[in-house]
Amino acid sequence: MPIRTPPHNPHDISRHDLPDILGTIDSEVRGMFGSDMGKVADYIPSLASVPPDQFGMAVVTLDGQVHAVGSARQPFSIQSMSKVHSLTMALGAIGDDLWKRVGREPSGDPFNSLVQLEHENGIPRNPFINAGALVVADVLVSHFGSREAAENALLAFVRARSGNSDAGRDEEVAASERESGYRNVALVNFIRSFDNIRNDVDDVLDFYFLQCALRMDCVELARSVQYLADGGHCATSGETVASPERVRRINAVMMTCGTYDAAGEFAFHVGLPAKSGVGGGIVAVVPKVASLCVWAPGLDEKGNSRLGGYALHRFTRLTGLSVV
Ligand code: GLN
C-alpha cells in the first residue's frame, strides 16, 4: 500500500508569498478599472463623489504581520461593516438573549427591505440587514443607559480593535445618512410597533447613523476583526472580546448573511465569513489564520463591492484558504 504524504497544514499561511499574491490581485483589479467596476453608492453626496477607480487590500495574519497593497491606508466610510462590531458588543451585553429579538437566517431580500418584518412580528431575520442592526442598536442604547454612552462604547470598541485611537465619525456622512434615511426611519418605527425597539427611535437611529459613518482604512478594518480569526482574542489590545464559541457563531452569521441577498453567491465564489458595506469595503475572516479587508467603492446590484468581491475570490483561489 503506498503511504499517503500528509497534506499541507491548511493553517500554515507562511508557505504563501503574500506580498506576491497581493501584488497579483492588485494588478488584476487595476486592469478592471473603467470596465467592470460597479457603481458607487449614490444615496448620499459624500459617497456619490468617491472616485470608483480605487482599490486597497490588507491581510493581517495571526502572528501580527500586516500585508497591504494599493490604497490600504486610505480611510473610507465603513458603513455596514460596523454591524459586526455592534453585534459582538450586543452579544457581550445580553448574551444569547439577543437571539430572542433578532434571527440568524439569511433574508434573501435587500439589506434595507421591510417586507418580511410584518409577517415575522418585527423580529428581523438577522443582525446584518438594517432591520436587525437597528434592533442591535436598541439593545446597546438600553445596555449603556443612553445613546451617548452607547456611542462612546462603540467608538472605544472600534478604536481598541483597530489600533486607531482617532477612528471617528465623518460628520458629513452622518448628517446625510440622517437626511436621506427614510427607510431606516420607517424600519425603526415599524419594529417599534411590535415592541422590538424599546428606546426613543431618534436615539436608536442616531446611534445607527454614527456606526455607518465611521471612517477607517483597510489595515485598521482588518485589525478590527482579527478577534474573529483568533477565537475572540484581540491582538491589538490584548483583550478577550468574545469566547471561541461566540466567535464561531458570529462567523457563521457572517458566512450566511454578511453579504445580504448575495450571501450564497459569495460563499460559492469566496467561501469565507465576510461583511460588506456600501462604502465599498468588505471584511473577511480566515479562522485561525488571518483577517482581511478589501476596498473598491463600486458596488454590484446587491450593494457589495464588485472588485472587492473579485479580490477576495482571487485570494482564496491563489492561497487555497477558505472554510468550505
Ligand atoms: N448607511 C447604509 C444604510 O443604512 C448602510 C447600508 C450598507 O452598508 N449596506 O442603508
# chains A, B, ... in the order shown; residues from 1 in each chain; ligands from 1

call {"tool": "closest_atom_pairs", "arguments": {"of": "chain A", "to": "ligand 1", "cutoff": "8 Å", "atoms": "only C-alpha atoms and all ligand atoms", "output": "Markdown table"}}
result
| residue | atom | partner | partner_atom_place_in_ligand_line | distance |
| --- | --- | --- | --- | --- |
| A:Ile78 | CA | ligand 1 | 8 (O) | 7.5 |
| A:Gln79 | CA | ligand 1 | 8 (O) | 4.3 |
| A:Ser80 | CA | ligand 1 | 8 (O) | 3.7 |
| A:Met81 | CA | ligand 1 | 8 (O) | 6.9 |
| A:Phe111 | CA | ligand 1 | 9 (N) | 6.0 |
| A:Asn112 | CA | ligand 1 | 10 (O) | 5.9 |
| A:Ile129 | CA | ligand 1 | 9 (N) | 7.5 |
| A:Asn130 | CA | ligand 1 | 4 (O) | 6.0 |
| A:Glu177 | CA | ligand 1 | 1 (N) | 6.2 |
| A:Gly181 | CA | ligand 1 | 4 (O) | 7.0 |
| A:Arg183 | CA | ligand 1 | 10 (O) | 7.6 |
| A:Asn184 | CA | ligand 1 | 4 (O) | 6.3 |
| A:Tyr208 | CA | ligand 1 | 4 (O) | 7.7 |
| A:Phe209 | CA | ligand 1 | 1 (N) | 6.7 |
| A:Cys212 | CA | ligand 1 | 1 (N) | 5.2 |
| A:Ala213 | CA | ligand 1 | 1 (N) | 7.5 |
| A:Ser276 | CA | ligand 1 | 8 (O) | 6.6 |
| A:Gly277 | CA | ligand 1 | 8 (O) | 3.5 |
| A:Val278 | CA | ligand 1 | 8 (O) | 3.8 |
| A:Gly279 | CA | ligand 1 | 8 (O) | 6.5 |
| A:Gly303 | CA | ligand 1 | 9 (N) | 6.2 |
| A:Asn304 | CA | ligand 1 | 9 (N) | 7.6 |

call {"tool": "write_last_selection", "arguments": {"atoms": "C-alpha atoms", "output": "PDB file, in the first residue's frame"}}
result
ATOM      1  CA  ILE A  78     -17.152  51.705   6.828  1.00  0.00           C
ATOM      2  CA  GLN A  79     -20.975  51.612   6.659  1.00  0.00           C
ATOM      3  CA  SER A  80     -22.396  48.153   7.354  1.00  0.00           C
ATOM      4  CA  MET A  81     -19.104  46.521   8.272  1.00  0.00           C
ATOM      5  CA  PHE A 111     -30.396  44.896   3.113  1.00  0.00           C
ATOM      6  CA  ASN A 112     -32.889  47.708   3.638  1.00  0.00           C
ATOM      7  CA  ILE A 129     -29.641  43.601   7.495  1.00  0.00           C
ATOM      8  CA  ASN A 130     -30.592  47.138   8.522  1.00  0.00           C
ATOM      9  CA  GLU A 177     -27.489  59.462   6.449  1.00  0.00           C
ATOM     10  CA  GLY A 181     -32.589  57.762   5.937  1.00  0.00           C
ATOM     11  CA  ARG A 183     -36.169  53.621   5.017  1.00  0.00           C
ATOM     12  CA  ASN A 184     -34.257  53.324   8.253  1.00  0.00           C
ATOM     13  CA  TYR A 208     -27.066  53.562  13.871  1.00  0.00           C
ATOM     14  CA  PHE A 209     -26.084  56.533  11.686  1.00  0.00           C
ATOM     15  CA  CYS A 212     -22.461  53.741   9.468  1.00  0.00           C
ATOM     16  CA  ALA A 213     -20.475  56.982   9.303  1.00  0.00           C
ATOM     17  CA  SER A 276     -19.726  44.223   3.315  1.00  0.00           C
ATOM     18  CA  GLY A 277     -20.610  47.905   3.481  1.00  0.00           C
ATOM     19  CA  VAL A 278     -21.941  50.271   0.826  1.00  0.00           C
ATOM     20  CA  GLY A 279     -18.773  52.360   1.134  1.00  0.00           C
ATOM     21  CA  GLY A 303     -24.737  46.610  -2.697  1.00  0.00           C
ATOM     22  CA  ASN A 304     -21.482  44.651  -2.311  1.00  0.00           C
TER      23      ASN A 304
END

call {"tool": "residues_around", "arguments": {"residues": "A:Asp26", "least_positions_apart": "6", "cutoff": "9 Å", "atoms": "only C-alpha atoms", "output": "VMD selection string"}}
result
chain A and resid 55 to 57 69 to 70 311

call {"tool": "residues_around", "arguments": {"residues": "A:Leu62", "least_positions_apart": "3", "cutoff": "12 Å", "atoms": "only C-alpha atoms", "output": "mmCIF file with N, CA and C atoms, in the first residue's frame"}}
result
data_model
loop_
_atom_site.group_PDB
_atom_site.id
_atom_site.type_symbol
_atom_site.label_atom_id
_atom_site.label_comp_id
_atom_site.auth_asym_id
_atom_site.auth_seq_id
_atom_site.Cartn_x
_atom_site.Cartn_y
_atom_site.Cartn_z
ATOM 1 N N HIS A 11 -3.512 25.696 7.860
ATOM 2 C CA HIS A 11 -3.415 26.937 8.632
ATOM 3 C C HIS A 11 -2.056 27.607 8.502
ATOM 4 N N ASP A 12 -1.164 26.946 7.795
ATOM 5 C CA ASP A 12 0.180 27.492 7.699
ATOM 6 C C ASP A 12 0.248 28.500 6.559
ATOM 7 N N ILE A 13 0.016 29.755 6.894
ATOM 8 C CA ILE A 13 -0.022 30.792 5.846
ATOM 9 C C ILE A 13 1.394 31.167 5.409
ATOM 10 N N SER A 14 2.399 30.759 6.208
ATOM 11 C CA SER A 14 3.766 31.183 5.879
ATOM 12 C C SER A 14 4.267 30.535 4.591
ATOM 13 N N VAL A 59 -4.150 42.270 4.660
ATOM 14 C CA VAL A 59 -4.256 40.955 5.308
ATOM 15 C C VAL A 59 -3.435 41.031 6.595
ATOM 16 N N GLN A 65 1.602 39.886 11.400
ATOM 17 C CA GLN A 65 2.125 40.517 10.182
ATOM 18 C C GLN A 65 1.014 41.199 9.409
ATOM 19 N N VAL A 66 1.354 42.352 8.830
ATOM 20 C CA VAL A 66 0.375 43.096 8.035
ATOM 21 C C VAL A 66 0.897 43.177 6.608
ATOM 22 N N HIS A 67 0.089 42.723 5.662
ATOM 23 C CA HIS A 67 0.439 42.845 4.249
ATOM 24 C C HIS A 67 -0.614 43.738 3.611
ATOM 25 N N ALA A 222 -9.086 45.419 8.893
ATOM 26 C CA ALA A 222 -8.648 44.017 9.016
ATOM 27 C C ALA A 222 -8.274 43.738 10.468
ATOM 28 N N ARG A 223 -7.559 44.680 11.099
ATOM 29 C CA ARG A 223 -7.212 44.511 12.530
ATOM 30 C C ARG A 223 -8.466 44.459 13.393
ATOM 31 N N VAL A 225 -11.263 43.204 13.017
ATOM 32 C CA VAL A 225 -11.994 41.920 13.084
ATOM 33 C C VAL A 225 -11.040 40.742 13.318
ATOM 34 N N GLN A 226 -9.810 41.058 13.700
ATOM 35 C CA GLN A 226 -8.854 39.962 13.878
ATOM 36 C C GLN A 226 -9.317 38.992 14.967
ATOM 37 N N TYR A 227 -10.040 39.505 15.967
ATOM 38 C CA TYR A 227 -10.513 38.618 17.045
ATOM 39 C C TYR A 227 -11.398 37.504 16.500
ATOM 40 N N LEU A 228 -12.016 37.725 15.341
ATOM 41 C CA LEU A 228 -12.883 36.692 14.761
ATOM 42 C C LEU A 228 -12.061 35.578 14.103
ATOM 43 N N ALA A 229 -10.799 35.862 13.820
ATOM 44 C CA ALA A 229 -9.920 34.817 13.284
ATOM 45 C C ALA A 229 -9.189 34.115 14.421
ATOM 46 N N ASP A 230 -9.211 34.720 15.602
ATOM 47 C CA ASP A 230 -8.346 34.247 16.687
ATOM 48 C C ASP A 230 -9.136 33.860 17.933
ATOM 49 N N GLY A 231 -10.293 33.240 17.731
ATOM 50 C CA GLY A 231 -11.062 32.702 18.860
ATOM 51 C C GLY A 231 -11.482 33.746 19.887
ATOM 52 N N GLY A 232 -11.562 35.014 19.484
ATOM 53 C CA GLY A 232 -12.041 36.048 20.396
ATOM 54 C C GLY A 232 -10.943 36.888 21.012
ATOM 55 N N HIS A 233 -9.688 36.541 20.718
ATOM 56 C CA HIS A 233 -8.573 37.312 21.276
ATOM 57 C C HIS A 233 -8.215 38.462 20.345
ATOM 58 N N CYS A 234 -8.176 39.670 20.900
ATOM 59 C CA CYS A 234 -7.806 40.849 20.103
ATOM 60 C C CYS A 234 -6.336 41.150 20.353
ATOM 61 N N ALA A 235 -5.524 40.944 19.314
ATOM 62 C CA ALA A 235 -4.080 41.127 19.487
ATOM 63 C C ALA A 235 -3.735 42.600 19.670
ATOM 64 N N THR A 236 -4.524 43.488 19.080
ATOM 65 C CA THR A 236 -4.203 44.921 19.157
ATOM 66 C C THR A 236 -4.240 45.416 20.596
ATOM 67 N N VAL A 285 -12.798 36.830 7.132
ATOM 68 C CA VAL A 285 -12.067 36.119 8.178
ATOM 69 C C VAL A 285 -11.661 34.738 7.675
ATOM 70 N N VAL A 286 -10.381 34.403 7.836
ATOM 71 C CA VAL A 286 -9.956 33.015 7.643
ATOM 72 C C VAL A 286 -9.675 32.487 9.049
ATOM 73 N N PRO A 287 -10.612 31.705 9.620
ATOM 74 C CA PRO A 287 -10.442 31.314 11.019
ATOM 75 C C PRO A 287 -9.085 30.673 11.286
ATOM 76 N N LYS A 288 -8.465 31.100 12.366
ATOM 77 C CA LYS A 288 -7.163 30.615 12.850
ATOM 78 C C LYS A 288 -5.993 31.004 11.946
ATOM 79 N N VAL A 289 -6.249 31.837 10.938
ATOM 80 C CA VAL A 289 -5.182 32.195 10.006
ATOM 81 C C VAL A 289 -4.991 33.706 9.871
ATOM 82 N N ALA A 290 -6.051 34.413 9.489
ATOM 83 C CA ALA A 290 -5.873 35.835 9.148
ATOM 84 C C ALA A 290 -7.222 36.538 9.067
ATOM 85 N N SER A 291 -7.171 37.862 9.145
ATOM 86 C CA SER A 291 -8.350 38.677 8.834
ATOM 87 C C SER A 291 -7.980 39.601 7.686
ATOM 88 N N LEU A 292 -8.973 39.985 6.901
ATOM 89 C CA LEU A 292 -8.713 40.738 5.678
ATOM 90 C C LEU A 292 -9.682 41.893 5.546
#

call {"tool": "select_by_dssp", "arguments": {"residues": "stretch 70-254 of chain A", "states": "alpha helix (DSSP H)", "output": "compact mmCIF listing (two decimals) with N, CA and C atoms, in the first residue's frame"}}
result
# COMPACT_ATOMS: atom_id res chain seq x y z
N SER A 82 -19.63 47.90 10.21
CA SER A 82 -19.75 48.17 11.65
C SER A 82 -20.78 47.25 12.31
N LYS A 83 -21.62 46.60 11.51
CA LYS A 83 -22.63 45.71 12.10
C LYS A 83 -21.97 44.50 12.78
N VAL A 84 -20.76 44.18 12.38
CA VAL A 84 -20.03 43.09 13.05
C VAL A 84 -19.62 43.54 14.45
N HIS A 85 -19.12 44.77 14.54
CA HIS A 85 -18.69 45.27 15.85
C HIS A 85 -19.88 45.43 16.79
N SER A 86 -20.97 45.99 16.26
CA SER A 86 -22.11 46.22 17.16
C SER A 86 -22.74 44.89 17.58
N LEU A 87 -22.76 43.90 16.67
CA LEU A 87 -23.28 42.58 17.06
C LEU A 87 -22.42 41.97 18.18
N THR A 88 -21.11 42.06 18.03
CA THR A 88 -20.23 41.50 19.07
C THR A 88 -20.49 42.18 20.41
N MET A 89 -20.68 43.50 20.37
CA MET A 89 -20.95 44.23 21.62
C MET A 89 -22.29 43.82 22.22
N ALA A 90 -23.31 43.67 21.37
CA ALA A 90 -24.64 43.33 21.89
C ALA A 90 -24.64 41.93 22.49
N LEU A 91 -23.92 41.01 21.87
CA LEU A 91 -23.82 39.66 22.45
C LEU A 91 -23.06 39.72 23.77
N GLY A 92 -22.05 40.58 23.83
CA GLY A 92 -21.33 40.77 25.09
C GLY A 92 -22.25 41.35 26.16
N ALA A 93 -23.19 42.19 25.73
CA ALA A 93 -24.07 42.88 26.69
C ALA A 93 -25.16 41.96 27.23
N ILE A 94 -25.85 41.26 26.33
CA ILE A 94 -27.01 40.48 26.83
C ILE A 94 -26.93 39.00 26.47
N VAL A 115 -40.07 44.02 3.86
CA VAL A 115 -41.19 43.12 3.56
C VAL A 115 -41.39 41.98 4.55
N GLN A 116 -40.33 41.40 5.09
CA GLN A 116 -40.53 40.23 5.96
C GLN A 116 -41.04 40.61 7.35
N LEU A 117 -40.76 41.85 7.74
CA LEU A 117 -40.99 42.22 9.14
C LEU A 117 -42.43 42.05 9.59
N GLU A 118 -43.38 42.35 8.71
CA GLU A 118 -44.78 42.27 9.15
C GLU A 118 -45.17 40.82 9.46
N HIS A 119 -44.80 39.92 8.54
CA HIS A 119 -45.14 38.50 8.76
C HIS A 119 -44.40 37.93 9.95
N ASN A 130 -30.40 45.91 7.75
CA ASN A 130 -30.59 47.14 8.52
C ASN A 130 -31.56 46.93 9.68
N ALA A 131 -32.65 46.19 9.43
CA ALA A 131 -33.65 45.98 10.49
C ALA A 131 -32.99 45.34 11.71
N GLY A 132 -32.16 44.33 11.48
CA GLY A 132 -31.50 43.64 12.58
C GLY A 132 -30.50 44.53 13.29
N ALA A 133 -29.78 45.33 12.51
CA ALA A 133 -28.78 46.22 13.12
C ALA A 133 -29.46 47.30 13.97
N LEU A 134 -30.68 47.68 13.58
CA LEU A 134 -31.40 48.67 14.38
C LEU A 134 -31.82 48.07 15.73
N VAL A 135 -32.22 46.80 15.73
CA VAL A 135 -32.53 46.14 17.00
C VAL A 135 -31.26 46.02 17.85
N VAL A 136 -30.16 45.66 17.21
CA VAL A 136 -28.87 45.59 17.94
C VAL A 136 -28.54 46.96 18.53
N ALA A 137 -28.76 48.02 17.75
CA ALA A 137 -28.50 49.38 18.25
C ALA A 137 -29.37 49.67 19.47
N ASP A 138 -30.63 49.24 19.41
CA ASP A 138 -31.54 49.46 20.54
C ASP A 138 -31.04 48.73 21.79
N VAL A 139 -30.57 47.51 21.60
CA VAL A 139 -30.02 46.74 22.73
C VAL A 139 -28.85 47.50 23.37
N LEU A 140 -28.01 48.08 22.52
CA LEU A 140 -26.83 48.78 23.05
C LEU A 140 -27.22 50.08 23.76
N VAL A 141 -28.20 50.81 23.20
CA VAL A 141 -28.65 52.04 23.87
C VAL A 141 -29.22 51.67 25.25
N SER A 142 -30.01 50.60 25.33
CA SER A 142 -30.55 50.18 26.64
C SER A 142 -29.41 49.78 27.57
N HIS A 143 -28.50 48.98 27.07
CA HIS A 143 -27.45 48.42 27.93
C HIS A 143 -26.56 49.52 28.52
N PHE A 144 -26.19 50.49 27.67
CA PHE A 144 -25.27 51.53 28.15
C PHE A 144 -26.00 52.70 28.80
N ARG A 147 -27.99 57.01 24.50
CA ARG A 147 -27.39 56.98 23.15
C ARG A 147 -25.93 57.39 23.22
N GLU A 148 -25.67 58.44 23.96
CA GLU A 148 -24.30 58.96 24.02
C GLU A 148 -23.34 57.93 24.62
N ALA A 149 -23.78 57.28 25.68
CA ALA A 149 -22.91 56.28 26.32
C ALA A 149 -22.68 55.10 25.37
N ALA A 150 -23.72 54.72 24.63
CA ALA A 150 -23.58 53.61 23.67
C ALA A 150 -22.63 54.01 22.54
N GLU A 151 -22.76 55.27 22.08
CA GLU A 151 -21.86 55.74 21.01
C GLU A 151 -20.41 55.74 21.49
N ASN A 152 -20.20 56.20 22.71
CA ASN A 152 -18.83 56.22 23.25
C ASN A 152 -18.28 54.81 23.38
N ALA A 153 -19.14 53.88 23.78
CA ALA A 153 -18.70 52.48 23.92
C ALA A 153 -18.33 51.89 22.55
N LEU A 154 -19.14 52.22 21.54
CA LEU A 154 -18.83 51.72 20.19
C LEU A 154 -17.50 52.29 19.69
N LEU A 155 -17.33 53.60 19.88
CA LEU A 155 -16.07 54.21 19.44
C LEU A 155 -14.89 53.57 20.18
N ALA A 156 -15.04 53.35 21.47
CA ALA A 156 -13.95 52.74 22.25
C ALA A 156 -13.66 51.33 21.74
N PHE A 157 -14.73 50.59 21.41
CA PHE A 157 -14.56 49.21 20.93
C PHE A 157 -13.79 49.21 19.61
N VAL A 158 -14.24 50.06 18.68
CA VAL A 158 -13.62 50.07 17.35
C VAL A 158 -12.18 50.57 17.43
N ARG A 159 -11.95 51.54 18.29
CA ARG A 159 -10.58 52.07 18.42
C ARG A 159 -9.65 51.02 19.04
N ALA A 160 -10.14 50.32 20.04
CA ALA A 160 -9.28 49.31 20.70
C ALA A 160 -8.99 48.14 19.76
N ARG A 161 -9.95 47.79 18.91
CA ARG A 161 -9.74 46.66 17.99
C ARG A 161 -8.83 47.08 16.83
N SER A 162 -9.01 48.30 16.33
CA SER A 162 -8.30 48.70 15.11
C SER A 162 -6.92 49.25 15.40
N GLU A 171 -18.74 63.52 10.12
CA GLU A 171 -19.97 64.25 10.45
C GLU A 171 -20.83 64.49 9.21
N GLU A 172 -20.17 64.70 8.07
CA GLU A 172 -20.93 64.97 6.85
C GLU A 172 -21.74 63.74 6.45
N VAL A 173 -21.09 62.56 6.52
CA VAL A 173 -21.81 61.32 6.19
C VAL A 173 -22.94 61.09 7.18
N ALA A 174 -22.66 61.30 8.48
CA ALA A 174 -23.70 61.06 9.49
C ALA A 174 -24.90 61.96 9.23
N ALA A 175 -24.65 63.23 8.90
CA ALA A 175 -25.77 64.17 8.66
C ALA A 175 -26.55 63.74 7.42
N SER A 176 -25.83 63.34 6.35
CA SER A 176 -26.56 62.92 5.13
C SER A 176 -27.33 61.63 5.35
N GLU A 177 -26.76 60.71 6.16
CA GLU A 177 -27.49 59.46 6.45
C GLU A 177 -28.83 59.81 7.09
N ARG A 178 -28.78 60.79 8.00
CA ARG A 178 -30.00 61.16 8.71
C ARG A 178 -31.00 61.80 7.74
N GLU A 179 -30.49 62.71 6.91
CA GLU A 179 -31.38 63.42 5.98
C GLU A 179 -32.04 62.48 4.98
N SER A 180 -31.31 61.44 4.57
CA SER A 180 -31.86 60.59 3.50
C SER A 180 -32.32 59.23 4.04
N TYR A 182 -34.86 57.67 5.05
CA TYR A 182 -36.30 57.41 5.15
C TYR A 182 -36.61 55.94 5.45
N ARG A 183 -35.90 55.06 4.81
CA ARG A 183 -36.17 53.62 5.02
C ARG A 183 -35.79 53.19 6.43
N ASN A 184 -34.66 53.70 6.90
CA ASN A 184 -34.26 53.32 8.25
C ASN A 184 -35.23 53.89 9.28
N VAL A 185 -35.75 55.11 9.00
CA VAL A 185 -36.76 55.70 9.89
C VAL A 185 -38.01 54.82 9.87
N ALA A 186 -38.40 54.39 8.68
CA ALA A 186 -39.58 53.51 8.56
C ALA A 186 -39.35 52.20 9.30
N LEU A 187 -38.17 51.60 9.10
CA LEU A 187 -37.87 50.31 9.74
C LEU A 187 -37.95 50.41 11.25
N VAL A 188 -37.32 51.45 11.81
CA VAL A 188 -37.24 51.51 13.27
C VAL A 188 -38.64 51.75 13.86
N ASN A 189 -39.44 52.56 13.19
CA ASN A 189 -40.81 52.80 13.68
C ASN A 189 -41.66 51.53 13.57
N PHE A 190 -41.50 50.84 12.46
CA PHE A 190 -42.28 49.63 12.24
C PHE A 190 -41.93 48.58 13.30
N ILE A 191 -40.63 48.41 13.54
CA ILE A 191 -40.21 47.41 14.54
C ILE A 191 -40.68 47.85 15.93
N ARG A 192 -40.65 49.15 16.16
CA ARG A 192 -41.13 49.65 17.46
C ARG A 192 -42.61 49.28 17.67
N SER A 193 -43.39 49.29 16.58
CA SER A 193 -44.81 48.96 16.72
C SER A 193 -45.00 47.51 17.18
N VAL A 201 -36.95 56.31 19.20
CA VAL A 201 -36.49 55.93 17.85
C VAL A 201 -35.36 56.83 17.37
N ASP A 202 -35.39 58.11 17.74
CA ASP A 202 -34.32 59.01 17.27
C ASP A 202 -32.97 58.64 17.89
N ASP A 203 -32.98 58.19 19.13
CA ASP A 203 -31.72 57.77 19.75
C ASP A 203 -31.16 56.54 19.03
N VAL A 204 -32.05 55.60 18.71
CA VAL A 204 -31.61 54.38 18.03
C VAL A 204 -31.06 54.73 16.65
N LEU A 205 -31.77 55.61 15.95
CA LEU A 205 -31.32 56.00 14.61
C LEU A 205 -29.99 56.74 14.68
N ASP A 206 -29.85 57.65 15.63
CA ASP A 206 -28.59 58.40 15.72
C ASP A 206 -27.42 57.47 15.97
N PHE A 207 -27.62 56.50 16.85
CA PHE A 207 -26.55 55.53 17.10
C PHE A 207 -26.23 54.78 15.80
N TYR A 208 -27.27 54.33 15.11
CA TYR A 208 -27.07 53.56 13.87
C TYR A 208 -26.34 54.41 12.81
N PHE A 209 -26.74 55.68 12.69
CA PHE A 209 -26.08 56.53 11.69
C PHE A 209 -24.63 56.80 12.06
N LEU A 210 -24.35 56.88 13.35
CA LEU A 210 -22.95 57.03 13.77
C LEU A 210 -22.14 55.82 13.32
N GLN A 211 -22.68 54.63 13.56
CA GLN A 211 -21.88 53.44 13.23
C GLN A 211 -21.65 53.34 11.72
N CYS A 212 -22.63 53.75 10.93
CA CYS A 212 -22.46 53.74 9.47
C CYS A 212 -21.41 54.76 9.03
N CYS A 218 -8.23 50.09 5.28
CA CYS A 218 -8.25 48.61 5.20
C CYS A 218 -7.42 47.95 6.29
N VAL A 219 -6.25 48.53 6.60
CA VAL A 219 -5.41 47.90 7.63
C VAL A 219 -6.13 47.93 8.97
N GLU A 220 -6.72 49.08 9.29
CA GLU A 220 -7.44 49.19 10.56
C GLU A 220 -8.64 48.25 10.61
N LEU A 221 -9.34 48.15 9.49
CA LEU A 221 -10.53 47.29 9.47
C LEU A 221 -10.15 45.82 9.58
N ALA A 222 -9.09 45.42 8.89
CA ALA A 222 -8.65 44.02 9.02
C ALA A 222 -8.27 43.74 10.47
N ARG A 223 -7.56 44.68 11.10
CA ARG A 223 -7.21 44.51 12.53
C ARG A 223 -8.47 44.46 13.39
N SER A 224 -9.46 45.26 13.01
CA SER A 224 -10.65 45.41 13.88
C SER A 224 -11.47 44.12 13.96
N PRO A 244 -14.53 31.61 22.19
CA PRO A 244 -14.38 30.93 20.89
C PRO A 244 -15.74 30.48 20.33
N GLU A 245 -16.63 30.03 21.23
CA GLU A 245 -17.94 29.57 20.79
C GLU A 245 -18.75 30.72 20.16
N ARG A 246 -18.69 31.89 20.80
CA ARG A 246 -19.42 33.05 20.26
C ARG A 246 -18.83 33.50 18.92
N VAL A 247 -17.52 33.44 18.84
CA VAL A 247 -16.85 33.83 17.60
C VAL A 247 -17.28 32.91 16.44
N ARG A 248 -17.37 31.62 16.75
CA ARG A 248 -17.83 30.69 15.70
C ARG A 248 -19.22 31.08 15.22
N ARG A 249 -20.05 31.49 16.15
CA ARG A 249 -21.42 31.85 15.77
C ARG A 249 -21.47 33.14 14.96
N ILE A 250 -20.67 34.12 15.37
CA ILE A 250 -20.64 35.38 14.59
C ILE A 250 -20.14 35.08 13.18
N ASN A 251 -19.09 34.26 13.09
CA ASN A 251 -18.58 33.91 11.76
C ASN A 251 -19.62 33.17 10.93
N ALA A 252 -20.41 32.32 11.60
CA ALA A 252 -21.46 31.59 10.86
C ALA A 252 -22.50 32.57 10.30
N VAL A 253 -22.85 33.58 11.09
CA VAL A 253 -23.84 34.55 10.60
C VAL A 253 -23.23 35.41 9.49
N MET A 254 -21.94 35.72 9.61
CA MET A 254 -21.29 36.46 8.51
C MET A 254 -21.32 35.62 7.22

call {"tool": "residues_around", "arguments": {"residues": "A:Asp109", "least_positions_apart": "3", "cutoff": "8 Å", "atoms": "only C-alpha atoms", "output": "list in words"}}
result
Ser113, Tyr260 and Asp261 of chain A

call {"tool": "closest_residue", "arguments": {"among": "A:Ser77, A:Ser322, A:Thr61, A:Ser46", "to": "A:Met255", "atoms": "only C-alpha atoms"}}
result
A:Ser322

call {"tool": "atom_distance", "arguments": {"atom1": "atom CA of A:Pro51", "atom2": "atom CA of A:Asp170"}}
result
17.6 Å

call {"tool": "residues_around", "arguments": {"residues": "A:Gly309", "least_positions_apart": "4", "cutoff": "9 Å", "atoms": "only C-alpha atoms", "output": "number ranges by chain"}}
result
A: 266, 269-270, 282, 294, 304-305, 313-314

call {"tool": "residues_around", "arguments": {"residues": "A:Asp36", "least_positions_apart": "3", "cutoff": "12 Å", "atoms": "only C-alpha atoms", "output": "ChimeraX atom specification"}}
result
/A:28-33,39,52-53,296,298-300,305-308,310

call {"tool": "write_last_selection", "arguments": {"atoms": "N, CA and C atoms", "output": "compact mmCIF listing (two decimals), in the first residue's frame"}}
result
# COMPACT_ATOMS: atom_id res chain seq x y z
N GLU A 28 -4.39 42.78 -11.21
CA GLU A 28 -5.60 42.29 -11.91
C GLU A 28 -6.77 43.26 -11.71
N VAL A 29 -6.95 43.69 -10.45
CA VAL A 29 -8.08 44.59 -10.17
C VAL A 29 -7.90 45.91 -10.91
N ARG A 30 -6.68 46.46 -10.89
CA ARG A 30 -6.46 47.73 -11.59
C ARG A 30 -6.71 47.59 -13.09
N GLY A 31 -6.45 46.40 -13.63
CA GLY A 31 -6.74 46.15 -15.04
C GLY A 31 -8.24 46.17 -15.33
N MET A 32 -9.05 46.03 -14.29
CA MET A 32 -10.51 46.04 -14.49
C MET A 32 -11.11 47.44 -14.27
N PHE A 33 -10.31 48.39 -13.83
CA PHE A 33 -10.82 49.76 -13.66
C PHE A 33 -11.39 50.23 -14.99
N LYS A 39 -21.00 50.43 -9.51
CA LYS A 39 -21.41 51.84 -9.35
C LYS A 39 -21.27 52.26 -7.89
N PRO A 52 -14.54 55.89 -8.34
CA PRO A 52 -14.67 54.44 -8.28
C PRO A 52 -13.37 53.68 -8.55
N ASP A 53 -12.41 54.31 -9.23
CA ASP A 53 -11.21 53.57 -9.61
C ASP A 53 -10.16 53.61 -8.50
N ALA A 296 -13.02 48.68 -2.67
CA ALA A 296 -13.15 49.23 -4.02
C ALA A 296 -14.58 49.79 -4.05
N GLY A 298 -16.89 50.82 -6.09
CA GLY A 298 -18.00 50.45 -7.00
C GLY A 298 -18.74 49.22 -6.49
N LEU A 299 -20.07 49.29 -6.49
CA LEU A 299 -20.90 48.20 -5.94
C LEU A 299 -21.60 47.44 -7.05
N ASP A 300 -21.94 46.19 -6.75
CA ASP A 300 -22.82 45.44 -7.66
C ASP A 300 -24.28 45.75 -7.30
N SER A 305 -19.21 45.42 -2.80
CA SER A 305 -18.14 45.90 -3.67
C SER A 305 -17.84 44.87 -4.76
N ARG A 306 -17.95 45.32 -6.01
CA ARG A 306 -17.75 44.36 -7.10
C ARG A 306 -16.29 43.89 -7.18
N LEU A 307 -15.38 44.84 -7.23
CA LEU A 307 -13.98 44.44 -7.36
C LEU A 307 -13.44 43.90 -6.03
N GLY A 308 -14.01 44.34 -4.93
CA GLY A 308 -13.63 43.77 -3.62
C GLY A 308 -13.98 42.29 -3.57
N TYR A 310 -14.27 40.35 -6.15
CA TYR A 310 -13.35 39.68 -7.07
C TYR A 310 -11.99 39.44 -6.38

call {"tool": "residues_around", "arguments": {"residues": "A:Arg125", "least_positions_apart": "5", "cutoff": "8 Å", "atoms": "only C-alpha atoms", "output": "list in words"}}
result
Val102, Gly103, Arg104, Glu105, Pro106, Ser107, Gln116 and Gly132 of chain A

call {"tool": "atom_distance", "arguments": {"atom1": "atom CA of A:Leu114", "atom2": "atom CA of A:Ile44"}}
result
20.4 Å
